[in-house]
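K.L.:
What follows is structure-v2.txt; its format and atoms are compact mmCIF, C-alpha atoms.
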# COMPACT_ATOMS: atom_id res chain seq x y z
CA MET G 1 26.06 202.29 85.54
CA ILE G 2 28.41 205.27 85.56
CA LEU G 3 31.08 203.58 83.43
CA ASP G 4 28.53 203.19 80.65
CA LYS G 5 28.44 206.97 80.32
CA PHE G 6 32.10 206.94 79.26
CA SER G 7 31.43 204.54 76.38
CA LEU G 8 31.70 205.93 72.85
CA LYS G 9 30.25 202.86 71.18
CA GLY G 10 28.35 203.83 68.03
CA LYS G 11 30.00 207.27 67.84
CA THR G 12 32.26 208.66 65.13
CA ALA G 13 35.20 210.85 66.11
CA VAL G 14 37.28 213.07 63.82
CA VAL G 15 40.73 213.98 65.13
CA THR G 16 43.09 216.41 63.39
CA GLY G 17 46.85 216.01 63.64
CA ALA G 18 46.24 212.28 63.95
CA ASN G 19 49.49 210.89 62.60
CA THR G 20 51.71 211.36 65.64
CA GLY G 21 52.02 212.58 69.22
CA LEU G 22 49.01 213.75 71.18
CA GLY G 23 46.66 213.35 68.22
CA GLN G 24 47.67 209.75 67.74
CA GLY G 25 47.22 209.03 71.44
CA MET G 26 43.76 210.57 71.46
CA CYS G 27 42.74 208.58 68.37
CA VAL G 28 43.72 205.37 70.14
CA ALA G 29 41.87 206.41 73.31
CA LEU G 30 38.65 207.24 71.48
CA SER G 31 38.84 203.95 69.59
CA GLN G 32 39.40 202.00 72.79
CA ALA G 33 36.29 203.70 74.20
CA GLY G 34 34.30 202.36 71.25
CA ALA G 35 34.30 205.13 68.63
CA ALA G 36 35.04 204.78 64.94
CA VAL G 37 37.84 207.24 64.22
CA ALA G 38 38.66 209.41 61.22
CA GLY G 39 42.19 210.75 61.49
CA VAL G 40 43.14 213.92 59.64
CA ALA G 41 46.76 214.81 58.86
CA ARG G 42 49.03 216.17 56.16
CA ARG G 43 50.97 212.90 56.09
CA SER G 44 50.18 209.22 56.36
CA CYS G 45 48.42 208.01 59.51
CA GLU G 46 49.47 204.42 58.89
CA GLN G 47 50.96 203.93 62.34
CA THR G 48 47.79 205.27 63.95
CA ARG G 49 45.72 202.97 61.76
CA LEU G 50 47.75 199.94 62.84
CA MET G 51 47.49 200.84 66.51
CA ILE G 52 43.70 201.07 66.22
CA GLU G 53 43.04 198.12 63.93
CA GLU G 54 45.20 195.72 65.91
CA ASN G 55 42.71 196.19 68.74
CA GLY G 56 39.71 195.70 66.47
CA GLY G 57 38.91 199.37 65.94
CA GLU G 58 37.79 201.11 62.77
CA PHE G 59 39.89 203.90 61.24
CA LEU G 60 39.59 206.21 58.25
CA GLU G 61 42.56 208.25 57.05
CA ILE G 62 41.84 211.70 55.62
CA ILE G 63 44.86 213.47 54.13
CA ALA G 64 44.35 217.23 54.43
CA ASP G 65 46.52 220.29 55.00
CA LEU G 66 44.99 222.72 57.48
CA SER G 67 47.25 225.57 56.45
CA SER G 68 44.06 226.71 54.69
CA ILE G 69 40.36 226.15 55.31
CA GLU G 70 39.87 224.69 51.83
CA PRO G 71 39.70 221.00 52.91
CA ILE G 72 37.25 221.46 55.79
CA ASP G 73 34.02 220.59 53.96
CA ARG G 74 35.75 217.56 52.42
CA ILE G 75 36.81 216.35 55.87
CA VAL G 76 33.22 216.43 57.12
CA ASN G 77 31.86 214.84 53.95
CA GLU G 78 34.39 211.99 53.88
CA ALA G 79 33.72 211.10 57.51
CA VAL G 80 29.94 211.20 57.02
CA GLU G 81 30.16 209.18 53.80
CA LYS G 82 32.22 206.48 55.54
CA PHE G 83 30.44 206.29 58.89
CA GLY G 84 27.00 207.81 58.26
CA SER G 85 27.34 210.65 60.76
CA VAL G 86 29.85 212.49 62.93
CA ASP G 87 29.59 212.96 66.69
CA ILE G 88 32.98 214.18 67.91
CA LEU G 89 35.57 216.67 66.68
CA VAL G 90 38.99 216.93 68.33
CA ASN G 91 40.85 220.00 67.04
CA ASN G 92 44.40 218.91 67.75
CA ALA G 93 46.43 219.97 64.69
CA GLY G 94 48.77 222.84 65.39
CA ILE G 95 52.17 224.31 64.61
CA ILE G 96 54.72 226.37 66.52
CA ILE G 97 57.47 228.64 65.19
CA ARG G 98 60.04 229.84 67.73
CA GLU G 99 61.67 233.21 67.14
CA ASP G 100 62.39 236.32 69.20
CA ALA G 101 59.35 238.60 69.14
CA ILE G 102 61.50 241.53 68.06
CA ASP G 103 62.41 239.67 64.86
CA TYR G 104 59.19 237.70 64.29
CA ALA G 105 58.25 237.57 60.62
CA GLU G 106 54.76 238.21 59.25
CA GLU G 107 54.91 234.95 57.30
CA SER G 108 55.59 232.99 60.48
CA TRP G 109 52.77 234.80 62.27
CA ASP G 110 50.27 234.06 59.51
CA LYS G 111 51.19 230.36 59.27
CA VAL G 112 50.64 229.75 62.97
CA ILE G 113 47.45 231.79 63.25
CA MET G 114 46.00 230.08 60.18
CA THR G 115 46.44 226.53 61.48
CA ASN G 116 46.00 227.08 65.20
CA GLN G 117 43.19 229.62 65.21
CA LYS G 118 41.41 230.20 61.90
CA ALA G 119 41.22 226.54 60.88
CA VAL G 120 40.08 225.62 64.39
CA PHE G 121 37.15 228.03 64.23
CA PHE G 122 36.00 226.97 60.78
CA LEU G 123 36.28 223.29 61.67
CA CYS G 124 34.13 223.96 64.74
CA GLN G 125 31.63 225.80 62.55
CA ALA G 126 31.46 223.04 59.94
CA PHE G 127 30.96 220.31 62.53
CA ALA G 128 28.39 222.33 64.48
CA ARG G 129 26.39 222.77 61.27
CA GLN G 130 26.54 219.02 60.68
CA TYR G 131 25.52 218.25 64.27
CA ILE G 132 22.54 220.60 63.97
CA LYS G 133 21.60 218.99 60.65
CA GLN G 134 21.74 215.55 62.26
CA GLY G 135 19.69 216.79 65.23
CA SER G 136 21.52 214.73 67.81
CA GLY G 137 24.04 217.13 69.34
CA GLY G 138 27.75 216.49 69.40
CA LYS G 139 31.08 217.09 71.07
CA ILE G 140 33.89 219.49 70.17
CA VAL G 141 37.21 219.35 72.01
CA ASN G 142 39.82 221.95 71.16
CA VAL G 143 43.45 221.51 72.15
CA ALA G 144 44.65 224.60 73.97
CA SER G 145 47.98 224.98 75.81
CA MET G 146 49.71 226.22 78.93
CA LEU G 147 50.23 229.31 76.79
CA SER G 148 46.49 229.85 76.78
CA TYR G 149 47.18 231.08 80.33
CA GLN G 150 50.79 232.30 80.15
CA GLY G 151 52.98 234.35 77.84
CA GLY G 152 55.78 231.98 77.03
CA ILE G 153 59.10 232.94 75.44
CA ARG G 154 59.88 233.34 71.73
CA VAL G 155 56.44 232.07 70.62
CA PRO G 156 54.25 235.19 70.20
CA SER G 157 51.99 233.80 67.48
CA TYR G 158 51.56 230.45 69.24
CA THR G 159 50.64 232.22 72.49
CA ALA G 160 48.16 234.44 70.67
CA SER G 161 46.57 231.50 68.89
CA LYS G 162 46.26 229.30 71.97
CA SER G 163 44.87 232.16 74.03
CA ALA G 164 42.30 232.53 71.26
CA VAL G 165 41.44 228.83 71.45
CA LEU G 166 40.55 229.15 75.12
CA GLY G 167 38.34 232.18 74.48
CA LEU G 168 36.79 230.69 71.37
CA THR G 169 35.90 227.53 73.29
CA ARG G 170 33.93 229.64 75.77
CA ALA G 171 32.25 231.71 73.08
CA LEU G 172 31.10 228.74 71.01
CA ALA G 173 29.86 226.89 74.09
CA ASN G 174 27.63 229.87 74.85
CA GLU G 175 26.06 229.78 71.39
CA TRP G 176 25.78 226.06 70.82
CA ALA G 177 24.93 224.46 74.17
CA SER G 178 21.23 224.89 73.34
CA TYR G 179 21.73 222.52 70.39
CA GLY G 180 23.19 219.81 72.62
CA ILE G 181 26.70 220.62 71.43
CA ASN G 182 29.38 220.59 74.13
CA VAL G 183 32.43 222.70 73.32
CA ASN G 184 35.36 222.25 75.69
CA ALA G 185 39.14 222.14 75.52
CA ILE G 186 42.18 220.39 76.91
CA ALA G 187 45.32 222.36 77.76
CA PRO G 188 48.27 219.97 77.67
CA GLY G 189 51.26 220.79 79.80
CA TYR G 190 54.82 220.22 78.65
CA MET G 191 54.53 217.03 76.62
CA ALA G 192 57.18 214.83 75.04
CA THR G 193 56.14 215.44 71.42
CA ASN G 194 57.64 216.77 68.20
CA ASN G 195 56.67 220.33 69.19
CA THR G 196 58.93 220.19 72.26
CA ASN G 197 61.97 218.52 70.70
CA GLN G 198 63.86 221.80 70.73
CA LEU G 199 63.09 222.42 74.40
CA ARG G 200 63.91 218.89 75.51
CA SER G 201 67.22 218.91 73.63
CA ASP G 202 68.27 222.04 75.55
CA GLU G 203 69.41 220.50 78.83
CA GLN G 204 69.26 223.74 80.80
CA ARG G 205 65.80 224.70 79.56
CA SER G 206 64.49 221.16 80.02
CA ASN G 207 65.71 221.05 83.62
CA GLU G 208 64.12 224.45 84.33
CA ILE G 209 60.80 223.13 83.06
CA LEU G 210 61.00 219.86 84.99
CA GLU G 211 61.86 221.69 88.21
CA ARG G 212 58.53 223.53 88.01
CA ILE G 213 56.34 220.50 87.19
CA PRO G 214 55.15 218.96 90.49
CA ALA G 215 54.82 215.56 88.79
CA GLY G 216 58.53 215.79 87.91
CA ARG G 217 58.28 214.56 84.33
CA TRP G 218 57.26 215.50 80.82
CA GLY G 219 53.76 214.44 79.87
CA THR G 220 53.01 211.72 77.31
CA PRO G 221 50.20 211.09 74.81
CA GLU G 222 48.82 208.51 77.23
CA ASP G 223 48.25 211.28 79.77
CA MET G 224 45.67 212.85 77.42
CA MET G 225 43.57 209.72 77.02
CA GLY G 226 41.30 209.97 80.05
CA ALA G 227 40.56 213.65 79.57
CA VAL G 228 39.61 213.33 75.92
CA VAL G 229 37.35 210.32 76.49
CA PHE G 230 35.60 212.16 79.34
CA LEU G 231 35.00 215.32 77.28
CA CYS G 232 33.78 213.30 74.29
CA SER G 233 31.40 211.12 76.28
CA GLU G 234 28.00 211.40 77.91
CA ALA G 235 29.80 211.69 81.24
CA SER G 236 30.54 215.35 80.43
CA SER G 237 27.09 216.25 79.12
CA TYR G 238 26.83 219.24 81.52
CA VAL G 239 30.37 220.49 80.97
CA ASN G 240 30.38 223.50 78.64
CA GLY G 241 33.08 226.01 77.74
CA PHE G 242 35.70 224.65 80.13
CA THR G 243 39.39 224.03 79.49
CA VAL G 244 40.90 221.11 81.40
CA ALA G 245 44.62 221.39 82.16
CA VAL G 246 46.55 218.12 81.82
CA ASP G 247 49.84 219.51 83.02
CA GLY G 248 51.31 217.53 85.91
CA GLY G 249 50.45 220.46 88.19
CA TRP G 250 52.31 223.18 86.22
CA LEU G 251 49.57 225.79 86.60
CA ALA G 252 49.15 225.04 90.29
CA ARG G 253 52.79 225.89 91.00
Would you encode the structure as structure tokens?

P.N.:
Amino acid sequence: MILDKFSLKGKTAVVTGANTGLGQGMCVALSQAGAAVAGVARRSCEQTRLMIEENGGEFLEIIADLSSIEPIDRIVNEAVEKFGSVDILVNNAGIIIREDAIDYAEESWDKVIMTNQKAVFFLCQAFARQYIKQGSGGKIVNVASMLSYQGGIRVPSYTASKSAVLGLTRALANEWASYGINVNAIAPGYMATNNTNQLRSDEQRSNEILERIPAGRWGTPEDMMGAVVFLCSEASSYVNGFTVAVDGGWLAR
């Protein structure tokens, strides 16, 4: 039956940025689909744990700061030690620093590129190596952005990093599909998360954004659930190197 192909029963998923927002929503979705979930974040994932365990799911918290690549091997090892293997990586952790490009500081640039681009690549690499070692393939889902396609305003490093995520997703899919590893991405639209607090608190800017979204609303973590389960399941076994926009129609406008 087709719905069986969406089941993640017996799989282990690792999600970065798991303590809040989109990452939290995707953790809950993957758990509801049957996966055991390891959530990675700089701060406590206790709320995510409660949301998963109250529905009978299994959750492992891994505290790690992805402002460097130092914790990456530990993340893989802790997940494997707890669950025996890993099958899914969702690269969701990211930061944004808003500043006019003319004044943008090198320190701000480096912080964003480190977390949003460099850490994403080396997490992909570490999980691909583990998948190949296990010999059973695996799924990688990177979180891109509308700014993977557009320039944005006052976010030069974020735009550069998310454009890189889209390209990197394609490049890694080309190299790893032969190992049974599917590398894809999700590009969220304008979502009601911590990253957009500044935009949503600016009434004029918020209204300008909403006027362009055909759906007429900001997205929510729940809007990501179906896409992430699809890309992490057998249902997407022939989907490689593609970025799915979950944007309320923003890019179609």

K.L.:
Closest to Tyr131 (chain G) among G:Glu70, G:Glu222, G:Glu99, G:Asp87, using all atoms listed in the file?

P.N.:
G:Asp87

K.L.:
Identify, on the basis of only C-alpha atoms, every residue whose closest approach to Asp110 (chain G) does not exceed 12 Å; exclude the query and any residue fewer than 2 positions from it along the same chain; express the result as a count of residues only.

P.N.:
23

K.L.:
Phe83 (chain G): which residues within 12 Å, counting only C-alpha atoms, same-chain residues fewer than 6 positions away excluded, as JSON, numbers by chain?

P.N.:
{"G": [10, 11, 12, 13, 14, 35, 36, 37, 38, 58, 59, 60, 76, 77]}

K.L.:
Report, in Å with one decimal, the straight-line distance from CA of Ala33 (chain G) to CA of Ser7 (chain G).

P.N.:
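Between CA of Ala33 (chain G) and CA of Ser7 (chain G) the gap works out to 5.4 Å.
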
K.L.:
With distances taken over all atoms listed in the file, which residue among G:Gly180, G:Pro214, G:Gly23, G:Gly248 lies nearest Asn92 (chain G)?

P.N.:
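For Asn92 (chain G), the nearest of the given residues is G:Gly23.
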
K.L.:
Please, which residues are within 10 Å of (33.4, 213.0, 86.2) by the file's coordinates, counting all atoms listed in the file, and could they come as a list in words?

P.N.:
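Output of the proximity query reads Ile2, Lys5, Phe6, Ala227, Phe230, Leu231, Ala235, Ser236 and Val239 of chain G.
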
K.L.:
Would you work out the distance separating CA of Thr20 (chain G) from CA of Arg49 (chain G), expressed in Å to one decimal?

P.N.:
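Answer for the CA of Thr20 (chain G) to CA of Arg49 (chain G) separation: 11.0 Å.
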
K.L.:
Report the distance between CA of Asn194 (chain G) and CA of Met26 (chain G) in Å, rounded to one decimal place.

P.N.:
15.5 Å

K.L.:
Compare G:Thr220, G:Asn91, G:Cys124, G:Ser206 by their minimum atom-to-atom distance to Ile186 (chain G), counting all atoms listed in the file, and give me the closest one.

P.N.:
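Counting all atoms listed in the file, the residue closest to Ile186 (chain G) is G:Asn91.
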
K.L.:
Out of G:Gly25, G:Gly189, G:Gly138, G:Gly219, which residue has the shortest atom-to-atom distance to Gly39 (chain G) when counting all atoms listed in the file?

P.N.:
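Between G:Gly25, G:Gly189, G:Gly138, G:Gly219, the residue approaching Gly39 (chain G) most closely is G:Gly25.
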
K.L.:
Counting all atoms listed in the file, which residue out of G:Arg154, G:Val80, G:Val86, G:Leu168 sits closest to Ser136 (chain G)?

P.N.:
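Once distances to Ser136 (chain G) are computed over all atoms listed in the file, the minimum belongs to G:Val86.
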
K.L.:
For Gly84 (chain G), which of G:Ala18, G:Val155, G:Gln134, G:Tyr238 is the closest residue, counting all atoms listed in the file?

P.N.:
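Closest residue, counting all atoms listed in the file: G:Gln134.
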
K.L.:
What's the 10 Å shell around Val244 (chain G), counting all atoms listed in the file, without same-chain residues fewer than 4 positions away, as an MDAnalysis selection string?

P.N.:
chainID G and resid 143:145 184:188 227:228 231

K.L.:
Counting all atoms listed in the file, what is within 9 Å of Gly56 (chain G), bar same-chain residues fewer than 2 positions away, as a PyMOL selection string?

P.N.:
chain G and resi 31-32+52-54+58

K.L.:
Fewer than 5 positions away in the same chain doesn't count, so skip those; otherwise give me all residues within 10 Å of Gly135 (chain G), counting all atoms listed in the file, as a compact mmCIF listing (two decimals) with C-alpha atoms, in the frame of the given file.

P.N.:
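And here's out_24.txt as it stands now:
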# COMPACT_ATOMS: atom_id res chain seq x y z
CA ARG G 129 26.39 222.77 61.27
CA GLN G 130 26.54 219.02 60.68
CA TYR G 179 21.73 222.52 70.39
CA GLY G 180 23.19 219.81 72.62
